Each structure stands twice: as C-alpha cells, then as structure tokens.
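Printed here is coords_29.cif (mmCIF, C-alpha atoms and all ligand atoms):
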```cif
data_final
loop_
_atom_site.label_atom_id
_atom_site.label_comp_id
_atom_site.auth_asym_id
_atom_site.auth_seq_id
_atom_site.Cartn_x
_atom_site.Cartn_y
_atom_site.Cartn_z
CA MET N 413 16.57 150.58 136.21
CA ILE N 414 18.13 153.71 134.72
CA ASN N 415 16.04 156.83 134.68
CA ILE N 416 16.35 158.05 131.13
CA TYR N 417 15.06 161.55 131.74
CA ASN N 418 17.49 162.11 134.60
CA GLN N 419 20.31 160.97 132.33
CA ILE N 420 19.21 163.51 129.71
CA LEU N 421 19.15 166.26 132.35
CA LYS N 422 22.57 165.21 133.56
CA SER N 423 23.98 165.28 130.02
CA LYS N 424 22.51 168.71 129.45
CA ALA N 425 24.06 169.98 132.69
CA ASN N 426 27.43 168.53 131.61
CA LYS N 427 27.04 169.88 128.09
CA GLU N 428 27.29 166.36 126.66
CA LYS N 429 25.31 166.14 123.44
CA LEU N 430 22.99 163.22 122.79
CA LEU N 431 22.09 161.44 119.58
CA ALA N 432 19.12 159.21 118.84
CA ILE N 433 18.83 156.89 115.88
CA LEU N 434 15.19 156.63 114.88
CA LEU N 435 14.04 153.24 113.64
CA ASP N 436 10.72 153.15 111.84
CA PRO N 437 9.31 149.63 112.34
CA ASP N 438 7.59 149.86 108.97
CA LYS N 439 10.93 150.22 107.25
CA VAL N 440 13.14 147.90 109.29
CA ASP N 441 13.67 144.39 108.00
CA LEU N 442 13.84 142.10 111.05
CA ASN N 443 16.52 140.06 109.29
CA GLN N 444 18.70 143.17 109.11
CA VAL N 445 18.46 144.07 112.80
CA GLU N 446 21.80 142.52 113.69
CA ILE N 447 23.78 144.66 111.24
CA LEU N 448 21.65 147.67 112.11
CA ILE N 449 22.48 147.34 115.79
CA GLU N 450 26.13 146.63 115.05
CA LYS N 451 26.31 149.90 113.09
CA THR N 452 24.34 151.73 115.77
CA ASN N 453 26.76 150.52 118.43
CA GLN N 454 29.70 151.74 116.34
CA SER N 455 28.08 155.15 115.95
CA PRO N 456 27.98 157.98 118.51
CA ALA N 457 24.29 157.23 119.17
CA THR N 458 23.21 157.38 122.81
CA HIS N 459 19.56 156.36 122.32
CA ILE N 460 17.38 154.34 119.98
CA PHE N 461 14.01 155.88 119.21
CA ILE N 462 11.31 153.68 117.74
CA GLY N 463 8.23 154.95 115.98
CA GLY N 464 6.71 156.35 112.83
CA SER N 465 3.66 158.19 111.66
CA LEU N 466 1.84 155.19 110.30
CA VAL N 467 2.94 152.04 112.14
CA GLN N 468 -0.14 150.15 113.33
CA ASN N 469 0.82 146.59 114.07
CA ASN N 470 2.61 144.73 116.80
CA ILE N 471 5.94 144.44 115.04
CA ILE N 472 7.26 146.94 117.56
CA ASP N 473 7.44 144.29 120.31
CA GLU N 474 9.18 141.95 117.93
CA LEU N 475 11.63 144.61 116.78
CA ILE N 476 12.62 145.56 120.32
CA LEU N 477 13.03 141.94 121.41
CA ARG N 478 15.22 141.37 118.37
CA ILE N 479 17.30 144.46 119.19
CA ARG N 480 17.90 143.16 122.71
CA GLN N 481 18.69 139.70 121.37
CA VAL N 482 21.49 140.99 119.15
CA SER N 483 22.83 143.57 121.63
CA PRO N 484 25.97 142.90 123.64
CA PHE N 485 25.94 141.29 127.12
CA GLY N 486 22.73 139.37 126.53
CA GLY N 487 20.80 142.55 125.73
CA ARG N 488 22.03 144.54 128.73
CA GLY N 489 24.40 146.38 126.42
CA ALA N 490 21.54 147.80 124.37
CA LEU N 491 21.19 151.55 124.17
CA PRO N 492 18.13 152.94 125.95
CA ILE N 493 15.10 152.24 123.76
CA VAL N 494 12.60 155.08 123.71
CA LEU N 495 9.22 154.94 121.98
CA PHE N 496 8.41 157.87 119.74
CA PRO N 497 4.86 156.88 118.87
CA GLY N 498 2.67 158.22 116.10
CA ASN N 499 -0.41 156.75 117.76
CA PRO N 500 -1.43 154.72 120.85
CA ALA N 501 -1.08 151.44 118.94
CA GLN N 502 2.67 151.95 119.01
CA ILE N 503 3.14 151.38 122.74
CA SER N 504 5.32 148.45 123.74
CA ASN N 505 6.25 147.40 127.23
CA GLU N 506 9.49 146.03 125.80
CA ALA N 507 10.92 149.56 125.49
CA ASP N 508 12.51 151.50 128.36
CA ALA N 509 10.64 154.77 128.01
CA ILE N 510 8.11 156.63 125.93
CA LEU N 511 8.02 160.19 124.70
CA PHE N 512 4.47 161.04 125.72
CA LEU N 513 3.93 163.50 122.90
CA SER N 514 1.43 166.29 122.52
CA LEU N 515 1.48 168.00 119.12
CA ILE N 516 1.32 171.50 120.58
CA SER N 517 2.01 173.25 117.28
CA GLY N 518 -1.23 171.82 115.86
CA ARG N 519 -4.87 172.44 116.48
CA ASN N 520 -6.09 168.89 116.04
CA PRO N 521 -7.55 167.76 119.41
CA ASP N 522 -6.80 164.11 118.61
CA PHE N 523 -3.07 164.79 118.66
CA LEU N 524 -3.24 167.36 121.44
CA ILE N 525 -5.07 165.23 124.00
CA GLU N 526 -7.38 162.47 122.64
CA HIS N 527 -4.64 159.97 121.74
CA GLN N 528 -3.06 160.57 125.12
CA ILE N 529 -6.33 159.74 126.88
CA GLN N 530 -6.66 156.57 124.82
CA ALA N 531 -3.08 155.65 125.69
CA VAL N 532 -3.58 155.81 129.46
CA PRO N 533 -5.11 152.35 130.03
CA ILE N 534 -2.31 150.85 127.91
CA LEU N 535 0.41 152.81 129.68
CA LYS N 536 -0.90 151.88 133.11
CA LYS N 537 -0.17 148.24 132.30
CA THR N 538 3.44 148.94 131.38
CA ASN N 539 6.61 149.77 133.30
CA LEU N 540 7.63 152.40 130.76
CA GLU N 541 9.20 155.62 131.96
CA ILE N 542 6.82 158.28 130.67
CA ILE N 543 8.42 161.50 129.48
CA SER N 544 5.98 164.27 128.68
CA THR N 545 7.12 166.00 125.48
CA GLY N 546 5.85 169.11 123.72
CA TYR N 547 6.11 168.26 120.02
CA ILE N 548 6.37 171.20 117.64
CA LEU N 549 6.15 170.73 113.89
CA ILE N 550 7.91 173.36 111.83
CA GLU N 551 7.46 174.14 108.16
CA SER N 552 10.18 172.42 106.14
CA GLY N 553 9.67 172.95 102.42
CA THR N 554 7.18 170.24 101.50
CA GLU N 555 4.35 168.39 103.20
CA THR N 556 5.72 165.69 105.51
CA ALA N 557 4.08 162.46 106.73
CA VAL N 558 3.49 163.86 110.20
CA GLU N 559 1.69 166.83 108.71
CA ARG N 560 -0.44 164.58 106.54
CA VAL N 561 -1.26 162.10 109.27
CA SER N 562 -1.89 164.66 112.01
CA LYS N 563 -3.81 166.98 109.68
CA THR N 564 -2.13 169.95 111.26
CA THR N 565 -0.34 172.94 109.83
CA PRO N 566 3.32 173.31 110.80
CA LEU N 567 4.49 176.58 112.34
CA ALA N 568 5.95 179.09 109.89
CA ARG N 569 9.76 179.20 109.76
CA ASN N 570 9.70 182.94 109.43
CA ASN N 571 7.98 183.45 112.77
CA PRO N 572 10.53 182.21 115.31
CA GLU N 573 8.94 184.26 118.09
CA TYR N 574 5.71 182.27 117.78
CA ILE N 575 7.68 179.01 117.74
CA LEU N 576 9.43 180.13 120.92
CA GLN N 577 6.15 181.07 122.57
CA THR N 578 4.76 177.64 121.69
CA ALA N 579 7.81 175.97 123.24
CA GLN N 580 7.52 178.14 126.33
CA ALA N 581 3.83 177.31 126.66
CA GLY N 582 4.79 173.63 126.52
CA GLU N 583 7.35 174.16 129.25
CA LEU N 584 4.87 176.06 131.42
CA LEU N 585 2.32 173.25 130.92
CA GLY N 586 4.85 170.92 132.50
CA ASN N 587 6.39 169.22 129.48
CA LYS N 588 9.79 167.76 130.35
CA LEU N 589 11.18 167.99 126.83
CA ILE N 590 10.56 170.11 123.76
CA TYR N 591 10.95 168.46 120.35
CA LEU N 592 11.42 170.72 117.32
CA GLU N 593 10.44 168.60 114.34
CA ALA N 594 10.87 169.38 110.65
CA GLY N 595 9.32 166.00 109.75
CA SER N 596 10.99 162.81 108.60
CA GLY N 597 12.80 163.30 105.30
CA ALA N 598 12.14 167.06 105.45
CA LYS N 599 13.65 169.17 102.71
CA LYS N 600 14.84 171.77 105.20
CA ALA N 601 15.93 170.94 108.73
CA VAL N 602 14.96 173.26 111.59
CA SER N 603 17.10 176.38 111.18
CA LYS N 604 19.96 177.35 113.49
CA GLU N 605 18.19 180.59 114.32
CA ILE N 606 15.07 178.80 115.54
CA ILE N 607 17.04 176.24 117.56
CA GLN N 608 19.13 179.01 119.10
CA LEU N 609 16.18 181.17 120.06
CA VAL N 610 14.27 178.28 121.63
CA SER N 611 17.23 176.68 123.40
CA GLN N 612 18.29 179.98 124.94
CA ASN N 613 14.83 180.68 126.29
CA ILE N 614 13.66 177.40 127.78
CA ASP N 615 15.23 175.44 130.64
CA ILE N 616 14.15 171.92 129.72
CA PRO N 617 16.17 169.82 127.25
CA LEU N 618 15.62 170.39 123.54
CA ILE N 619 15.33 167.65 120.91
CA VAL N 620 15.76 168.53 117.23
CA GLY N 621 15.04 166.26 114.27
CA GLY N 622 13.87 165.97 110.71
CA GLY N 623 15.79 166.47 107.48
CA ILE N 624 19.30 166.31 108.95
CA VAL N 625 21.32 164.59 106.24
CA ASP N 626 24.98 164.99 107.18
CA LEU N 627 27.32 165.17 110.14
CA GLN N 628 27.64 168.92 109.71
CA GLY N 629 23.89 169.21 110.11
CA ILE N 630 24.11 167.39 113.43
CA GLN N 631 26.94 169.66 114.56
CA ASN N 632 25.01 172.75 113.48
CA ALA N 633 22.05 171.69 115.60
CA TYR N 634 24.32 171.06 118.60
CA ASP N 635 26.09 174.38 118.13
CA ALA N 636 22.75 176.16 118.03
CA GLY N 637 21.76 174.56 121.34
CA ALA N 638 20.05 171.22 120.62
CA ASP N 639 20.62 168.78 123.47
CA LEU N 640 19.58 165.69 121.53
CA VAL N 641 19.50 165.26 117.75
CA VAL N 642 17.41 162.60 116.01
CA ILE N 643 18.59 160.92 112.81
CA GLY N 644 16.22 158.65 110.91
CA THR N 645 16.26 158.71 107.12
CA ALA N 646 19.98 159.40 106.63
CA PHE N 647 20.98 156.34 108.66
CA GLU N 648 18.21 154.26 107.11
CA ASN N 649 19.59 155.09 103.66
CA ASP N 650 23.21 154.53 104.59
CA LEU N 651 24.24 152.42 107.56
CA ASN N 652 27.76 153.84 107.21
CA PHE N 653 26.44 157.37 107.65
CA PHE N 654 28.44 157.89 110.84
CA ASN N 655 31.79 156.51 109.63
CA GLN N 656 32.11 158.74 106.62
CA ASN N 657 34.08 161.91 106.40
CA ARG N 658 31.63 164.46 105.15
C1 LIG I 701 11.45 162.32 112.36
O1 LIG I 701 12.87 163.83 113.49
C2 LIG I 701 12.79 162.54 112.98
O2 LIG I 701 10.46 162.34 113.31
C3 LIG I 701 13.90 162.17 112.04
O3 LIG I 701 13.76 162.73 110.77
O4 LIG I 701 14.05 160.88 109.15
O5 LIG I 701 14.51 163.23 108.46
O6 LIG I 701 16.06 162.04 110.02
P1 LIG I 701 14.67 162.19 109.54
#
```
Can you dump the structure from the file as structure tokens?
Ligand code: 1GP
Amino acid sequence: MINIYNQILKSKANKEKLLAILLDPDKVDLNQVEILIEKTNQSPATHIFIGGSLVQNNIIDELILRIRQVSPFGGRGALPIVLFPGNPAQISNEADAILFLSLISGRNPDFLIEHQIQAVPILKKTNLEIISTGYILIESGTETAVERVSKTTPLARNNPEYILQTAQAGELLGNKLIYLEAGSGAKKAVSKEIIQLVSQNIDIPLIVGGGIVDLQGIQNAYDAGADLVVIGTAFENDLNFFNQNR
C-alpha cells in the first residue's frame, strides 16, 4: 500500500506541487460519478479529498466504492482518496487515508480534541493512514460553513504573525501537515502574504484551500509556497474548470 504522507513529503522535497479535488458527498450525485472521475483524471489533480462540514450519513462509503468502480484498471487507477472529515461520522474504511484534523485556530474544545477522541474507536477498526493535520481557519470576507458549524472565529487576515505562530504551534505539537483554510466558497482566498510567511517558517507540508476560483489562484498559492492546493466549489460548478484557458 502506498504511504500517502511519504509521497507528499517526497513531492515537497522535489518541489512538485500537488492538487486535491474536494468532493462533498452532500453535493455529489452518485449517477454523475463516472463523468466526475473522468474529468478528475483529465485534470492535474493528484488526490481526491472527500468531506464537508455537514455530511452525516453513510453515503461516503457508497461514493468511494463508486469512484473505485469507475476508475481505470479495476479501481487501481484511482487517485489516492483522502478523507477530510467535518465530524467523526464521516470516517470510511474505503478511503486510503484521513486528515486527522484539529481546528487549532478555534477555541471550541469539540473541534480541538473531543471529536478526535470520539473518532478513535472508529479509526482503530480501519486500515486508514492517519495524517495528523493542524487546521487553521482564516477570515475570508463572509461567514463560511466551517465557521458556522464549528462555532469558532477565524483568525484575522491582518495578523499574519499570529497565523504563523498558530501554524508553528501545530508543527511543534507534532502535526504532520498544516492546512490554511479560507472556507469552502470563501469570498477571499488565503492571501499570498500569509501563505508565504507560513510556508517559509514551517518545515512540514502546507495545504491551502477555500475560495480559489481560477487557475491563476492555484498558481498564486503555489508561487507563495503552498505544497498542496484544494479545489472544491470551482470544480463542482464547472467540471471543465481545468481545461479552460483563464
Ligand atoms: C474547503 O478548502 C476547501 O474546505 C475548498 O474550498 O470549495 O472554496 O474550493 P472551495
């Protein structure tokens, strides 16, 4: 079995940028999975992330099985499938790995540690690769679903030093990844300045997502130092997002 985290480290060392397409099981129509995966395979995506703030039911298993079913080489050609869960109900043994998130920008104990404790008995029954991730929500113009659901305040955009300190605390606590999140459908993506400051001052790989709506936005995040960029809404809204000249 491939070790997804080691692959991410290797890509970072080789300066190869990574791209995850985020599928929200609440929004994916199972009858559309075939075209979705066809478009994903034609895109530069290196990973599929699955999750959402609200998803509660077991359609995640079904979605992943369907993805494997329609992927090349009897499913072996599927991109690595990584859970990006909003709550412990979103754990599926059908995925390859899970971002074991702690919302370290927030001060809600449920999202800092309680959900993780609840997830342990479920995780122990799976073969998922568990990747500890410091998740940092950054102010992005309007209230986002993750803000609403987690009942936490995002970090102020105009205080990059505090954002950096939060990321560094996550690294010192042993997180293997830092995720700078503007929130799905955010008005403003995480700024270049913030990405640059954080990426230059942590050693672990950096994920950036939320509110990136064009290819230039992806490139900007890479140029600023993001190792992996996450695209959700833009691809959801336009499956040809990656084949257009923008
Ligand atoms: C959300 O970072 C991801 O958690 C992706 O956000 O839907 O805005 O691309 P978008």
Within 10 Å of ligand LIG 701 (chain I), counting only C-alpha atoms and all ligand atoms, which protein or nucleic acid residues do you find, written as an mmCIF file with C-alpha atoms, keeping the file's coordinate frame?
```cif
data_model
loop_
_atom_site.group_PDB
_atom_site.id
_atom_site.type_symbol
_atom_site.label_atom_id
_atom_site.label_comp_id
_atom_site.auth_asym_id
_atom_site.auth_seq_id
_atom_site.Cartn_x
_atom_site.Cartn_y
_atom_site.Cartn_z
ATOM 1 C CA ALA N 432 19.120 159.210 118.840
ATOM 2 C CA ILE N 433 18.830 156.890 115.880
ATOM 3 C CA LEU N 434 15.190 156.630 114.880
ATOM 4 C CA LEU N 435 14.040 153.240 113.640
ATOM 5 C CA ASP N 436 10.720 153.150 111.840
ATOM 6 C CA PHE N 461 14.010 155.880 119.210
ATOM 7 C CA ILE N 462 11.310 153.680 117.740
ATOM 8 C CA GLY N 463 8.230 154.950 115.980
ATOM 9 C CA GLY N 464 6.710 156.350 112.830
ATOM 10 C CA SER N 465 3.660 158.190 111.660
ATOM 11 C CA PHE N 496 8.410 157.870 119.740
ATOM 12 C CA PRO N 497 4.860 156.880 118.870
ATOM 13 C CA GLY N 498 2.670 158.220 116.100
ATOM 14 C CA TYR N 547 6.110 168.260 120.020
ATOM 15 C CA LEU N 549 6.150 170.730 113.890
ATOM 16 C CA THR N 556 5.720 165.690 105.510
ATOM 17 C CA ALA N 557 4.080 162.460 106.730
ATOM 18 C CA VAL N 558 3.490 163.860 110.200
ATOM 19 C CA TYR N 591 10.950 168.460 120.350
ATOM 20 C CA LEU N 592 11.420 170.720 117.320
ATOM 21 C CA GLU N 593 10.440 168.600 114.340
ATOM 22 C CA ALA N 594 10.870 169.380 110.650
ATOM 23 C CA GLY N 595 9.320 166.000 109.750
ATOM 24 C CA SER N 596 10.990 162.810 108.600
ATOM 25 C CA GLY N 597 12.800 163.300 105.300
ATOM 26 C CA ALA N 598 12.140 167.060 105.450
ATOM 27 C CA LYS N 599 13.650 169.170 102.710
ATOM 28 C CA LYS N 600 14.840 171.770 105.200
ATOM 29 C CA ALA N 601 15.930 170.940 108.730
ATOM 30 C CA VAL N 602 14.960 173.260 111.590
ATOM 31 C CA ILE N 619 15.330 167.650 120.910
ATOM 32 C CA VAL N 620 15.760 168.530 117.230
ATOM 33 C CA GLY N 621 15.040 166.260 114.270
ATOM 34 C CA GLY N 622 13.870 165.970 110.710
ATOM 35 C CA GLY N 623 15.790 166.470 107.480
ATOM 36 C CA ILE N 624 19.300 166.310 108.950
ATOM 37 C CA VAL N 625 21.320 164.590 106.240
ATOM 38 C CA ASP N 626 24.980 164.990 107.180
ATOM 39 C CA VAL N 641 19.500 165.260 117.750
ATOM 40 C CA VAL N 642 17.410 162.600 116.010
ATOM 41 C CA ILE N 643 18.590 160.920 112.810
ATOM 42 C CA GLY N 644 16.220 158.650 110.910
ATOM 43 C CA THR N 645 16.260 158.710 107.120
ATOM 44 C CA ALA N 646 19.980 159.400 106.630
ATOM 45 C CA PHE N 647 20.980 156.340 108.660
ATOM 46 C CA GLU N 648 18.210 154.260 107.110
ATOM 47 C CA ASN N 649 19.590 155.090 103.660
#
```
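When all atoms listed in the file are used to measure the gap to Gln631 of chain N, the shortest distance among N:Phe485, N:Lys604, N:Pro492, N:Phe512 belongs to N:Lys604.
Interatomic distance, atom CA of Ile616 of chain N against atom CA of Ile590 of chain N: 7.2 Å.
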Within 6 Å of segment 562-578 of chain N using all atoms listed in the file, minus same-chain residues under 4 positions, as a VMD selection string | chain N and resid 518 549 to 551 558 606 610
Name the residues in contact with Lys588 of chain N at a cut-off of 9 Å, using only C-alpha atoms, excluding same-chain residues fewer than 4 positions from it; report them as a PyMOL selection string.
-> chain N and resi 417+543-546+582-583+616-617
Could you please determine the separation between atom CA of Asn652 of chain N and atom CA of Lys451 of chain N in Å, to one decimal place?
-> 7.2 Å
Neighbours of Leu477 of chain N within 12 Å (all atoms listed in the file; same-chain residues fewer than 3 positions away dropped), as a VMD selection string?
-> chain N and resid 442 445 to 446 470 to 474 480 to 483 486 to 488 490 493 504 to 508
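Between atom CA of Asp441 of chain N and atom CA of Val532 of chain N there is a distance of 29.8 Å.
Considering the residues N:Ile447, N:Leu627, N:Ala636, N:Val440 and counting all atoms listed in the file, Gln656 of chain N has its shortest atom-to-atom contact with N:Leu627.
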Could you give me the axis-aligned bounding box of segment 564-581 of chain N, with 8 Å of padding per side, as centre plus edge lengths in Å to one decimal, as lines of an AutoDock Vina configuration file?
```
center_x = 4.2
center_y = 177.1
center_z = 118.0
size_x = 28.7
size_y = 30.3
size_z = 33.2
```
